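For reference, my_file19.tsv (TSV, C-alpha atoms and all ligand atoms):
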```
chain	number	residue	atom	x	y	z
C	959	MET	CA	95.72	123.46	95.09
C	960	ILE	CA	92.31	124.18	96.53
C	961	GLN	CA	90.35	126.68	94.47
C	962	TYR	CA	88.80	128.96	97.06
C	963	ASP	CA	86.68	130.57	94.42
C	964	LEU	CA	84.57	127.43	94.07
C	965	SER	CA	83.66	127.69	97.73
C	966	PHE	CA	82.76	131.36	97.95
C	967	SER	CA	79.08	132.25	98.16
C	968	LYS	CA	77.33	134.23	95.46
C	969	ASN	CA	76.81	136.94	98.06
C	970	ILE	CA	80.50	137.49	98.73
C	971	LYS	CA	81.32	137.22	95.05
C	972	SER	CA	78.90	140.04	94.37
C	973	MET	CA	80.65	142.28	96.92
C	974	LYS	CA	83.52	144.60	96.11
C	975	ARG	CA	85.97	146.50	98.24
C	976	SER	CA	84.71	149.98	99.08
C	977	VAL	CA	85.95	152.37	96.40
C	978	ILE	CA	86.24	155.03	99.04
C	979	ARG	CA	88.49	152.98	101.28
C	980	GLU	CA	90.72	152.19	98.31
C	981	LEU	CA	90.85	155.85	97.30
C	982	LEU	CA	91.52	156.95	100.84
C	983	LYS	CA	94.71	154.93	100.80
C	984	MET	CA	95.96	157.20	98.00
C	985	THR	CA	95.10	160.31	99.97
C	986	GLN	CA	96.92	159.44	103.13
C	987	SER	CA	100.34	160.85	102.40
C	988	PRO	CA	100.92	163.84	104.70
C	989	GLU	CA	101.43	166.43	101.97
C	990	ILE	CA	97.99	165.76	100.48
C	991	ILE	CA	95.16	167.93	101.74
C	992	SER	CA	92.27	165.54	101.85
C	993	PHE	CA	88.62	166.46	101.60
C	994	ALA	CA	87.98	162.81	100.87
C	995	GLY	CA	87.43	161.26	104.28
C	996	GLY	CA	84.23	161.33	106.25
C	997	LEU	CA	85.76	161.62	109.67
C	998	PRO	CA	84.47	163.81	112.49
C	999	SER	CA	86.81	166.48	113.78
C	1000	PRO	CA	89.13	165.08	116.48
C	1001	GLN	CA	88.46	168.32	118.37
C	1002	SER	CA	84.89	167.15	118.85
C	1003	PHE	CA	85.86	164.15	120.97
C	1004	PRO	CA	85.21	164.65	124.71
C	1005	ILE	CA	88.36	162.86	125.84
C	1006	GLU	CA	88.70	164.26	129.37
C	1007	PRO	CA	85.11	163.53	130.52
C	1008	LEU	CA	85.40	160.09	128.92
C	1009	LYS	CA	88.49	159.29	130.99
C	1010	GLN	CA	86.58	160.00	134.15
C	1011	ILE	CA	83.41	158.18	133.13
C	1012	THR	CA	85.37	155.15	131.99
C	1013	MET	CA	86.98	154.88	135.43
C	1014	GLU	CA	83.60	155.27	137.10
C	1015	VAL	CA	82.10	152.53	134.94
C	1016	LEU	CA	84.94	150.16	135.81
C	1017	ASP	CA	84.73	151.04	139.50
C	1018	ASN	CA	80.94	150.87	139.83
C	1019	ASN	CA	79.84	148.41	137.16
C	1020	GLY	CA	83.05	146.72	136.02
C	1021	THR	CA	81.85	143.13	136.19
C	1022	LYS	CA	78.67	143.94	134.29
C	1023	ALA	CA	80.30	146.25	131.76
C	1024	LEU	CA	82.84	143.58	130.81
C	1025	GLN	CA	80.22	140.86	130.51
C	1026	TYR	CA	78.01	139.78	127.58
C	1027	GLY	CA	74.81	141.74	127.27
C	1028	SER	CA	71.40	141.35	125.68
C	1029	THR	CA	71.03	141.61	121.91
C	1030	GLU	CA	68.53	144.44	122.23
C	1031	GLY	CA	71.13	146.55	124.04
C	1032	LEU	CA	71.81	147.86	127.53
C	1033	PRO	CA	68.52	148.91	129.20
C	1034	LEU	CA	70.27	151.89	130.85
C	1035	LEU	CA	71.28	153.21	127.44
C	1036	ALA	CA	67.87	152.39	125.97
C	1037	ASP	CA	66.27	154.59	128.67
C	1038	GLU	CA	68.56	157.46	127.74
C	1039	LEU	CA	67.86	157.00	124.04
C	1040	ILE	CA	64.11	157.04	124.65
C	1041	LYS	CA	64.57	160.40	126.40
C	1042	LEU	CA	66.81	161.68	123.62
C	1043	MET	CA	64.30	160.70	120.94
C	1044	ALA	CA	61.50	162.36	122.90
C	1045	LEU	CA	63.37	165.68	122.53
C	1046	ASP	CA	62.92	165.20	118.78
C	1047	ASN	CA	59.18	164.46	119.11
C	1048	VAL	CA	59.64	160.73	118.72
C	1049	LYS	CA	57.80	158.66	121.27
C	1050	ILE	CA	59.06	155.11	121.52
C	1051	ALA	CA	59.15	152.28	124.04
C	1052	LYS	CA	61.98	149.81	124.55
C	1053	GLU	CA	60.29	147.35	122.21
C	1054	ASN	CA	60.74	149.88	119.37
C	1055	LEU	CA	64.49	150.07	119.82
C	1056	VAL	CA	67.60	148.00	119.16
C	1057	ILE	CA	71.09	149.28	119.93
C	1058	THR	CA	73.39	148.48	117.03
C	1059	ILE	CA	77.07	148.49	116.16
C	1060	ALA	CA	76.52	151.97	114.68
C	1061	SER	CA	74.25	152.64	111.74
C	1062	GLN	CA	76.24	150.57	109.27
C	1063	GLN	CA	74.96	147.56	111.18
C	1064	GLY	CA	71.47	149.02	111.04
C	1065	LEU	CA	71.76	149.07	107.24
C	1066	ASP	CA	73.02	145.51	107.17
C	1067	LEU	CA	70.18	144.32	109.41
C	1068	VAL	CA	67.63	146.09	107.23
C	1069	GLY	CA	69.09	144.26	104.23
C	1070	LYS	CA	69.13	140.97	106.10
C	1071	ILE	CA	65.49	141.07	107.20
C	1072	PHE	CA	63.95	142.48	104.01
C	1073	LEU	CA	65.97	141.55	100.95
C	1074	ASN	CA	65.99	138.31	99.00
C	1075	PRO	CA	68.24	138.12	95.94
C	1076	GLY	CA	66.61	140.12	93.16
C	1077	ASP	CA	64.33	142.12	95.47
C	1078	ILE	CA	63.98	145.77	94.61
C	1079	ALA	CA	64.95	148.62	96.92
C	1080	ILE	CA	64.68	152.27	96.03
C	1081	VAL	CA	67.60	154.54	96.89
C	1082	GLU	CA	68.47	158.13	96.18
C	1083	SER	CA	70.76	159.12	93.34
C	1084	PRO	CA	73.38	159.71	94.67
C	1085	THR	CA	73.26	157.82	97.96
C	1086	TYR	CA	75.53	156.70	100.80
C	1087	VAL	CA	78.05	154.24	99.43
C	1088	GLY	CA	77.88	152.05	102.56
C	1089	ALA	CA	74.16	151.56	102.00
C	1090	LEU	CA	74.85	150.46	98.43
C	1091	SER	CA	77.37	147.91	99.78
C	1092	ALA	CA	75.02	146.70	102.52
C	1093	PHE	CA	72.03	146.20	100.20
C	1094	ASN	CA	74.17	144.80	97.37
C	1095	SER	CA	75.52	142.18	99.75
C	1096	TYR	CA	72.01	140.69	99.77
C	1097	ARG	CA	72.00	140.88	95.96
C	1098	ALA	CA	69.15	143.34	95.84
C	1099	LYS	CA	68.26	145.20	92.69
C	1100	LEU	CA	68.73	148.85	93.55
C	1101	ILE	CA	66.73	151.42	91.63
C	1102	ASP	CA	67.76	155.02	92.11
C	1103	VAL	CA	65.63	158.13	92.14
C	1104	GLU	CA	67.14	161.53	91.52
C	1105	LEU	CA	67.43	164.15	94.18
C	1106	ASP	CA	67.79	167.92	94.00
C	1107	ASN	CA	68.31	170.66	96.56
C	1108	ASP	CA	65.12	169.59	98.40
C	1109	GLY	CA	66.06	165.92	98.60
C	1110	MET	CA	64.50	162.98	96.75
C	1111	ARG	CA	62.37	164.17	93.84
C	1112	ILE	CA	58.86	162.98	94.49
C	1113	ASP	CA	57.81	163.28	90.83
C	1114	ALA	CA	60.70	160.97	89.91
C	1115	LEU	CA	59.75	158.57	92.71
C	1116	LYS	CA	56.15	158.42	91.49
C	1117	LYS	CA	57.31	157.71	87.97
C	1118	THR	CA	59.66	154.96	89.15
C	1119	LEU	CA	56.90	153.32	91.19
C	1120	ALA	CA	54.45	153.57	88.27
C	1121	ASP	CA	57.00	151.97	85.92
C	1122	LEU	CA	57.55	149.16	88.40
C	1123	LYS	CA	53.82	148.66	88.82
C	1124	LYS	CA	53.44	148.18	85.09
C	1125	LYS	CA	55.93	145.34	85.41
C	1126	LYS	CA	54.00	144.03	88.44
C	1127	LYS	CA	56.96	144.77	90.68
C	1128	LYS	CA	57.06	146.40	94.07
C	1129	PRO	CA	60.06	147.61	96.04
C	1130	LYS	CA	60.67	146.30	99.54
C	1131	PHE	CA	61.56	149.75	100.83
C	1132	ILE	CA	62.54	153.30	99.99
C	1133	TYR	CA	65.86	154.29	101.53
C	1134	VAL	CA	66.44	157.99	102.21
C	1135	ILE	CA	68.97	160.15	104.03
C	1136	PRO	CA	66.69	163.09	104.80
C	1137	ASP	CA	68.98	165.33	106.84
C	1138	PHE	CA	72.22	166.78	105.43
C	1139	HIS	CA	72.59	163.99	102.96
C	1140	ASN	CA	75.80	162.05	102.53
C	1141	PRO	CA	77.14	162.75	99.93
C	1142	ALA	CA	74.89	165.49	98.54
C	1143	GLY	CA	74.59	167.75	101.61
C	1144	VAL	CA	70.90	168.46	100.90
C	1145	THR	CA	67.87	168.12	103.20
C	1146	LEU	CA	64.48	166.64	102.32
C	1147	SER	CA	61.90	169.45	102.54
C	1148	TYR	CA	58.88	169.21	104.84
C	1149	GLU	CA	56.52	169.15	101.88
C	1150	ARG	CA	58.37	166.25	100.31
C	1151	ARG	CA	58.49	164.37	103.61
C	1152	LYS	CA	54.71	164.58	103.75
C	1153	GLN	CA	54.40	163.39	100.17
C	1154	LEU	CA	56.86	160.56	100.72
C	1155	ILE	CA	54.86	159.28	103.68
C	1156	GLU	CA	51.60	159.57	101.73
C	1157	ILE	CA	53.08	157.52	98.90
C	1158	ALA	CA	54.51	154.92	101.28
C	1159	LYS	CA	51.12	154.62	102.93
C	1160	LYS	CA	49.20	154.36	99.68
C	1161	GLU	CA	51.60	151.88	98.12
C	1162	LYS	CA	52.30	150.02	101.40
C	1163	ILE	CA	56.07	150.36	101.14
C	1164	MET	CA	58.42	150.76	104.11
C	1165	ILE	CA	60.67	153.79	104.41
C	1166	ILE	CA	64.19	153.48	105.79
C	1167	GLU	CA	65.21	156.83	107.27
C	1168	ASP	CA	68.97	156.93	107.77
C	1169	SER	CA	69.86	160.05	109.69
C	1170	PRO	CA	73.36	160.10	111.19
C	1171	TYR	CA	73.67	163.89	110.88
C	1172	ARG	CA	70.26	164.94	112.16
C	1173	MET	CA	71.63	166.60	115.30
C	1174	VAL	CA	74.48	168.24	113.40
C	1175	ARG	CA	72.47	171.25	112.16
C	1176	PHE	CA	74.27	174.58	111.97
C	1177	ARG	CA	71.73	176.65	109.99
C	1178	GLY	CA	67.97	176.92	109.71
C	1179	ASN	CA	65.19	175.17	111.61
C	1180	THR	CA	64.73	171.49	112.29
C	1181	ILE	CA	62.32	169.69	109.99
C	1182	PRO	CA	60.31	166.90	111.65
C	1183	SER	CA	61.75	163.43	111.15
C	1184	LEU	CA	59.90	160.99	108.91
C	1185	TYR	CA	59.48	158.75	111.95
C	1186	SER	CA	57.71	161.49	113.90
C	1187	MET	CA	55.41	162.24	110.95
C	1188	ASP	CA	54.36	158.65	110.31
C	1189	LYS	CA	51.23	157.33	112.00
C	1190	ASP	CA	51.10	153.94	110.26
C	1191	GLY	CA	54.25	152.05	111.24
C	1192	LEU	CA	55.87	152.67	107.86
C	1193	VAL	CA	59.22	154.05	108.98
C	1194	ILE	CA	62.36	152.47	110.39
C	1195	SER	CA	64.95	155.03	111.43
C	1196	LEU	CA	68.66	154.51	111.89
C	1197	PHE	CA	70.77	156.70	114.14
C	1198	THR	CA	74.34	156.68	115.33
C	1199	PHE	CA	76.68	158.14	117.91
C	1200	SER	CA	79.42	158.35	115.27
C	1201	LYS	CA	78.87	161.96	114.27
C	1202	ILE	CA	77.53	163.37	117.53
C	1203	PHE	CA	79.81	161.69	120.05
C	1204	VAL	CA	82.57	159.28	118.96
C	1205	PRO	CA	82.71	156.90	115.97
C	1206	GLY	CA	85.25	154.71	117.75
C	1207	PHE	CA	82.62	153.29	120.09
C	1208	ARG	CA	80.71	151.96	117.06
C	1209	LEU	CA	77.34	152.60	118.67
C	1210	GLY	CA	74.04	153.40	117.03
C	1211	TRP	CA	70.37	152.55	117.32
C	1212	ALA	CA	67.46	151.60	115.12
C	1213	ILE	CA	63.84	152.39	115.90
C	1214	GLY	CA	60.71	150.99	114.33
C	1215	PRO	CA	57.53	148.97	114.80
C	1216	LYS	CA	57.94	146.19	117.37
C	1217	GLU	CA	57.49	143.39	114.79
C	1218	ILE	CA	60.36	144.74	112.72
C	1219	ILE	CA	62.67	145.43	115.64
C	1220	ASP	CA	62.05	141.81	116.76
C	1221	LYS	CA	63.33	140.57	113.42
C	1222	MET	CA	66.31	142.91	113.52
C	1223	VAL	CA	67.19	141.55	116.96
C	1224	ILE	CA	67.04	137.97	115.68
C	1225	ALA	CA	69.23	138.93	112.71
C	1226	LYS	CA	71.68	140.76	114.97
C	1227	GLN	CA	71.91	137.80	117.33
C	1228	ALA	CA	73.25	135.67	114.49
C	1229	THR	CA	75.80	138.35	113.63
C	1230	ASP	CA	77.38	139.37	116.93
C	1231	LEU	CA	75.19	138.25	119.88
C	1232	CYS	CA	75.32	141.74	121.37
C	1233	THR	CA	76.76	145.23	121.10
C	1234	PRO	CA	79.67	145.74	123.55
C	1235	GLU	CA	78.39	146.45	127.06
C	1236	PHE	CA	81.45	148.49	127.99
C	1237	THR	CA	80.93	151.32	125.51
C	1238	GLN	CA	77.19	151.20	126.14
C	1239	TYR	CA	77.74	151.75	129.88
C	1240	ILE	CA	80.09	154.65	129.21
C	1241	THR	CA	77.70	156.22	126.71
C	1242	ALA	CA	74.67	155.75	128.98
C	1243	SER	CA	76.52	157.54	131.76
C	1244	PHE	CA	77.59	160.34	129.39
C	1245	LEU	CA	73.95	160.86	128.43
C	1246	LYS	CA	72.69	160.58	132.00
C	1247	LYS	CA	75.09	163.33	133.03
C	1248	ASP	CA	73.53	165.52	130.32
C	1249	MET	CA	76.82	165.85	128.49
C	1250	LEU	CA	75.70	164.86	125.01
C	1251	LEU	CA	73.94	168.06	124.01
C	1252	LYS	CA	76.89	170.14	125.19
C	1253	THR	CA	79.22	168.01	123.07
C	1254	VAL	CA	76.93	168.27	120.06
C	1255	ASN	CA	76.71	172.05	120.40
C	1256	HIS	CA	80.48	172.27	120.47
C	1257	THR	CA	80.77	170.00	117.42
C	1258	VAL	CA	78.16	171.99	115.54
C	1259	SER	CA	79.99	175.25	116.24
C	1260	ILE	CA	83.22	173.79	114.83
C	1261	TYR	CA	81.48	172.49	111.69
C	1262	LYS	CA	79.57	175.72	111.14
C	1263	GLU	CA	82.81	177.68	111.00
C	1264	LYS	CA	84.52	175.17	108.73
C	1265	ASN	CA	81.52	174.95	106.46
C	1266	GLU	CA	81.29	178.71	106.14
C	1267	LEU	CA	84.98	178.91	105.40
C	1268	MET	CA	84.77	176.22	102.73
C	1269	LEU	CA	81.79	177.93	101.10
C	1270	GLU	CA	83.61	181.25	101.17
C	1271	MET	CA	86.69	179.72	99.54
C	1272	LEU	CA	84.63	177.93	96.91
C	1273	GLU	CA	82.81	181.16	96.12
C	1274	LYS	CA	86.12	182.97	95.78
C	1275	TYR	CA	88.13	180.44	93.79
C	1276	MET	CA	85.96	177.86	92.01
C	1277	PRO	CA	85.27	178.68	88.34
C	1278	LYS	CA	81.54	179.35	88.74
C	1279	ASN	CA	81.50	181.02	85.36
C	1280	LYS	CA	82.39	177.64	83.84
C	1281	GLY	CA	79.30	175.94	85.22
C	1282	VAL	CA	80.70	174.51	88.47
C	1283	VAL	CA	78.03	174.39	91.20
C	1284	TRP	CA	77.94	173.08	94.76
C	1285	THR	CA	75.41	172.46	97.50
C	1286	LYS	CA	75.19	174.62	100.63
C	1287	PRO	CA	74.31	172.24	103.45
C	1288	ASP	CA	72.55	173.39	106.62
C	1289	GLY	CA	74.36	170.72	108.61
C	1290	GLY	CA	76.34	167.52	108.41
C	1291	LEU	CA	79.87	166.96	107.17
C	1292	PHE	CA	79.75	167.17	103.39
C	1293	LEU	CA	79.03	169.24	100.35
C	1294	TRP	CA	78.71	168.12	96.75
C	1295	VAL	CA	80.34	169.77	93.77
C	1296	THR	CA	79.02	169.25	90.25
C	1297	LEU	CA	80.81	170.04	87.01
C	1298	PRO	CA	79.22	170.31	83.57
C	1299	LYS	CA	78.03	166.87	82.38
C	1300	GLN	CA	80.90	166.06	80.04
C	1301	TYR	CA	83.60	166.14	82.74
C	1302	ASP	CA	84.79	163.00	84.47
C	1303	CYS	CA	85.73	163.52	88.11
C	1304	ASP	CA	87.23	160.00	88.30
C	1305	LYS	CA	89.87	161.20	85.83
C	1306	ILE	CA	90.25	164.64	87.39
C	1307	PHE	CA	90.95	162.87	90.71
C	1308	GLN	CA	94.39	161.82	89.40
C	1309	LYS	CA	95.23	165.41	88.53
C	1310	ALA	CA	94.04	166.56	91.93
C	1311	ILE	CA	96.30	164.02	93.63
C	1312	GLU	CA	99.23	165.31	91.57
C	1313	LYS	CA	98.46	168.77	92.94
C	1314	LYS	CA	98.23	167.30	96.46
C	1315	VAL	CA	94.54	167.66	97.10
C	1316	ALA	CA	91.85	164.95	97.24
C	1317	TYR	CA	88.09	164.48	97.15
C	1318	VAL	CA	85.83	161.44	96.83
C	1319	VAL	CA	84.73	160.70	93.29
C	1320	GLY	CA	80.99	161.12	92.91
C	1321	SER	CA	80.64	157.94	90.85
C	1322	ALA	CA	81.12	155.89	94.06
C	1323	PHE	CA	77.72	157.10	95.26
C	1324	TYR	CA	75.68	156.06	92.25
C	1325	VAL	CA	74.12	152.69	91.51
C	1326	GLY	CA	76.44	151.24	88.87
C	1327	GLY	CA	78.74	154.28	89.18
C	1328	LYS	CA	76.81	155.85	86.32
C	1329	LYS	CA	77.42	159.57	86.84
C	1330	LYS	CA	80.91	160.97	86.95
C	1331	ASN	CA	80.63	164.75	86.93
C	1332	SER	CA	80.41	165.30	90.71
C	1333	PHE	CA	82.54	164.85	93.80
C	1334	ARG	CA	82.09	165.01	97.57
C	1335	MET	CA	84.02	167.33	99.86
C	1336	ASN	CA	84.29	166.87	103.61
C	1337	PHE	CA	84.70	169.95	105.80
C	1338	SER	CA	84.65	168.45	109.31
C	1339	TYR	CA	88.10	166.91	109.37
C	1340	PRO	CA	90.53	169.25	107.57
C	1341	SER	CA	91.91	172.21	109.51
C	1342	LYS	CA	90.91	175.75	108.54
C	1343	GLU	CA	94.34	176.31	107.02
C	1344	GLN	CA	93.93	173.16	104.96
C	1345	ILE	CA	90.49	174.30	103.80
C	1346	VAL	CA	91.90	177.64	102.63
C	1347	GLU	CA	94.85	176.08	100.81
C	1348	GLY	CA	93.10	172.92	99.60
C	1349	VAL	CA	90.16	174.67	97.95
C	1350	GLN	CA	92.59	176.92	96.08
C	1351	ARG	CA	94.57	173.90	94.84
C	1352	LEU	CA	91.41	172.12	93.78
C	1353	ALA	CA	89.89	175.16	92.11
C	1354	LYS	CA	93.08	175.55	90.07
C	1355	VAL	CA	92.94	171.92	88.91
C	1356	ILE	CA	89.31	172.30	87.88
C	1357	ASP	CA	89.84	175.63	86.21
C	1358	GLU	CA	92.59	174.06	84.11
C	1359	VAL	CA	90.47	171.06	83.14
C	1360	ILE	CA	87.32	172.94	82.15
C	1361	LYS	CA	87.77	174.61	78.80
S	1	LIG	C1	74.22	158.12	105.59
S	1	LIG	C2	75.09	157.26	106.44
S	1	LIG	N1	74.60	156.14	106.98
S	1	LIG	C3	75.35	155.36	107.75
S	1	LIG	C4	76.67	155.65	108.02
S	1	LIG	C5	77.45	154.70	108.87
S	1	LIG	O1	77.99	155.29	109.99
S	1	LIG	P1	78.25	154.54	111.35
S	1	LIG	O2	78.27	153.07	111.05
S	1	LIG	O3	79.56	155.04	111.83
S	1	LIG	O4	77.13	154.90	112.24
S	1	LIG	C6	77.24	156.81	107.48
S	1	LIG	C7	78.65	157.14	107.72
S	1	LIG	O5	79.24	158.01	107.18
S	1	LIG	C8	76.42	157.64	106.67
S	1	LIG	O6	76.88	158.76	106.12
```
In structure tokens, write the structure found in this file.
Amino acid sequence: MIQYDLSFSKNIKSMKRSVIRELLKMTQSPEIISFAGGLPSPQSFPIEPLKQITMEVLDNNGTKALQYGSTEGLPLLADELIKLMALDNVKIAKENLVITIASQQGLDLVGKIFLNPGDIAIVESPTYVGALSAFNSYRAKLIDVELDNDGMRIDALKKTLADLKKKKKKPKFIYVIPDFHNPAGVTLSYERRKQLIEIAKKEKIMIIEDSPYRMVRFRGNTIPSLYSMDKDGLVISLFTFSKIFVPGFRLGWAIGPKEIIDKMVIAKQATDLCTPEFTQYITASFLKKDMLLKTVNHTVSIYKEKNELMLEMLEKYMPKNKGVVWTKPDGGLFLWVTLPKQYDCDKIFQKAIEKKVAYVVGSAFYVGGKKKNSFRMNFSYPSKEQIVEGVQRLAKVIDEVIK
């Protein structure tokens, strides 16, 4: 018998199945109310306009839309993205842009172009589990820096960098999710953004700004993006259509200094040659017809209501008096619940499933799974009725567990 194991690379051996995907399998039975997924609301999908645009694309550009395209992405879509970014005070040219298979590919390409085995990357604690997988697949050493309600703690970052310096080590980049963090639901404050950029400039470290939820703001005022604040070519930003349009198209884009985008394009070429032209044509047309902002506004209004309802239910039913706290996001899809330190939400998950309600264990979002007293709740996908009933079920489980 051939022993496959002897043939596998160290890279693949270091990779594990996503904990979340495994957990999600347990939450899929119909009687379970799941706050575990990270899916957009199906009501946010613009199905009818897409039917029409898809026909138009096939009628007018069928032979091109079904053909291979360039690795950089469809120029028509790039033009629309340049206009979209300009609305957010980001001025870029085509050479600063690569259209990706959504932002998960952006994360993979960042790993591919920057990380050798053993290289250090700084991430937030907690951080997006898919970023942990992407960077781990290049066998990076991930060092996490705590966050609080204003995002990554700059004092903790400075300390981490100073400790590394003593060991003559320097991270390749600092990875942050500045807007409506997944999983924590918090937003990096303006003051901290400024400090982060100052540090990156002084220490000559790149910043990876991963911002899938940036346009999904339902409260408060926009804070400038790190990309728009940087004058020194320090920031690479990753965006996606997954949360503002449709995740099924698997479309996103990365922006950055030309030299870096060049490398990302080379890395992407080896992975998939190009992003599908078909969905790029459809999306370009959707943007050209000025339909994106209308769709986003509709999505935001749905999430605002659901978020407010979830917060109201948590306020009403969660045992606050027993030290349970949660974040109050100004946008995005998630909030983050934290129990007193001694409680293990991996274990409580089993009890929650017995009571037919599910969340994502917080440990999945930490380097090495080290903290267990938090969990993530999604409010975009469940219905309002499910939010009302599910929070009550969950609050009861937690009330019973906490002495
Ligand atoms: C912070 C963050 N980055 C990247 C992604 C990947 O999303 P996609 O590949 O659909 O763009 C997600 C998805 O939930 C996310 O939350």
Point to revise | 6 Å shell around ligand LIG 1 (chain S) using only C-alpha atoms and all ligand atoms, listed as a list of chain:residue names | key: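 The residues near ligand LIG 1 (chain S) are C:Ala1060, C:Ser1061, C:Gln1062, C:Tyr1086, C:Ile1135, C:Asn1140, C:Asp1168, C:Pro1170, C:Thr1198, C:Ser1200, C:Pro1205, C:Gly1210.
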Revision key, fill the gap. Of C:Leu1035, C:Met1173, C:Leu1192, C:Val1048, the one sitting nearest Glu1156 (chain C) when using all atoms listed in the file is C:Leu1192
Mind running region 1197-1309 of chain C against region 1343-1353 of chain C at 7 Å and telling me each contacting residue's nearest atom pair with the distance in Å (one decimal), counting only C-alpha atoms, chain and number ascending, as JSON lines?
```
{"residue": "C:Met1268", "atom": "CA", "partner": "C:Ile1345", "partner_atom": "CA", "distance": 6.1}
{"residue": "C:Met1271", "atom": "CA", "partner": "C:Val1349", "partner_atom": "CA", "distance": 6.3}
{"residue": "C:Leu1272", "atom": "CA", "partner": "C:Val1349", "partner_atom": "CA", "distance": 6.5}
{"residue": "C:Tyr1275", "atom": "CA", "partner": "C:Ala1353", "partner_atom": "CA", "distance": 5.8}
{"residue": "C:Met1276", "atom": "CA", "partner": "C:Ala1353", "partner_atom": "CA", "distance": 4.8}
{"residue": "C:Pro1277", "atom": "CA", "partner": "C:Ala1353", "partner_atom": "CA", "distance": 6.9}
```
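Compared by their closest atoms to Arg1172 (chain C), and using all atoms listed in the file, the residues C:Lys1286, C:Arg1150, C:His1139, C:Lys1354 rank with C:His1139 nearest.
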With all atoms listed in the file counted and 12 Å as the cut-off, give the residues of region 1141-1218 of chain C in contact with region 1008-1030 of chain C, each with its shortest interatomic distance in Å and the pair that gives it, as a Markdown table.
```
| residue | atom | partner | partner_atom | distance |
| --- | --- | --- | --- | --- |
| C:Phe1203 | CA | C:Leu1008 | CA | 10.6 |
| C:Val1204 | CA | C:Leu1008 | CA | 10.4 |
| C:Phe1207 | CA | C:Leu1008 | CA | 11.5 |
| C:Gly1210 | CA | C:Glu1030 | CA | 11.7 |
| C:Trp1211 | CA | C:Glu1030 | CA | 9.7 |
| C:Ala1212 | CA | C:Glu1030 | CA | 10.1 |
| C:Ile1213 | CA | C:Glu1030 | CA | 11.2 |
| C:Lys1216 | CA | C:Glu1030 | CA | 11.8 |
```
Review point. C:Gly1064, C:Gly1289, C:Lys1329, C:Pro1215: which is nearest Gly1178 (chain C), counting only C-alpha atoms?
Key: C:Gly1289
Exercise for review: Using all atoms listed in the file, determine which residues lie at most 12 Å from Gly1326 (chain C), disregarding the query and same-chain residues fewer than 5 positions distant; provide the list as a PyMOL selection string.
Suggested key: chain C and resi 1083-1085+1087+1090-1091+1094+1099-1102+1320-1321
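Going from CA of Phe1176 (chain C) over to CA of Phe1003 (chain C), you cover 18.0 Å.
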**Study point:** Between CA of Tyr1096 (chain C) and CA of Asp963 (chain C) - distance in Å to one decimal
**Key:**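 Atom-to-atom, CA of Asp963 (chain C) to CA of Tyr1096 (chain C), that is 18.6 Å.
The two atoms in question, CA of Met984 (chain C) and CA of Val1355 (chain C), are spaced 17.6 Å apart.
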**Study point:** Proximity to Lys1162 (chain C) - best of C:Pro1129, C:Gly1206, C:Pro1007, C:Gly996, only C-alpha atoms
**Key:**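 Among C:Pro1129, C:Gly1206, C:Pro1007, C:Gly996, it is C:Pro1129 that comes nearest to Lys1162 (chain C).
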Practice item. Identify the residues around (84.2, 158.3, 97.3) within a radius of 12 Å, measuring from only C-alpha atoms in the coordinates stated by the file, and give them as a VMD selection string. Key: chain C and resid 975 to 985 992 to 996 1084 to 1088 1140 to 1142 1292 1294 1303 to 1304 1307 1316 to 1324 1327 1330 1332 to 1336
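Near region 1073-1080 of chain C, within a cut-off of 9 Å and counting all atoms listed in the file, sit the residues Asn969, Phe1093, Tyr1096, Arg1097, Ala1098, Lys1099, Leu1100, Ile1101, Asp1102, Val1103, Leu1115, Thr1118, Lys1127, Lys1128, Pro1129, Lys1130, Phe1131, Ile1132, Tyr1133 and Val1134 of chain C, with same-chain residues fewer than 6 positions away left out.
Contact shell of Lys1152 (chain C) at 9 Å (all atoms listed in the file; same-chain neighbours under 5 positions omitted): Ser1147, Ile1157, Leu1184, Met1187 and Asp1188 of chain C.
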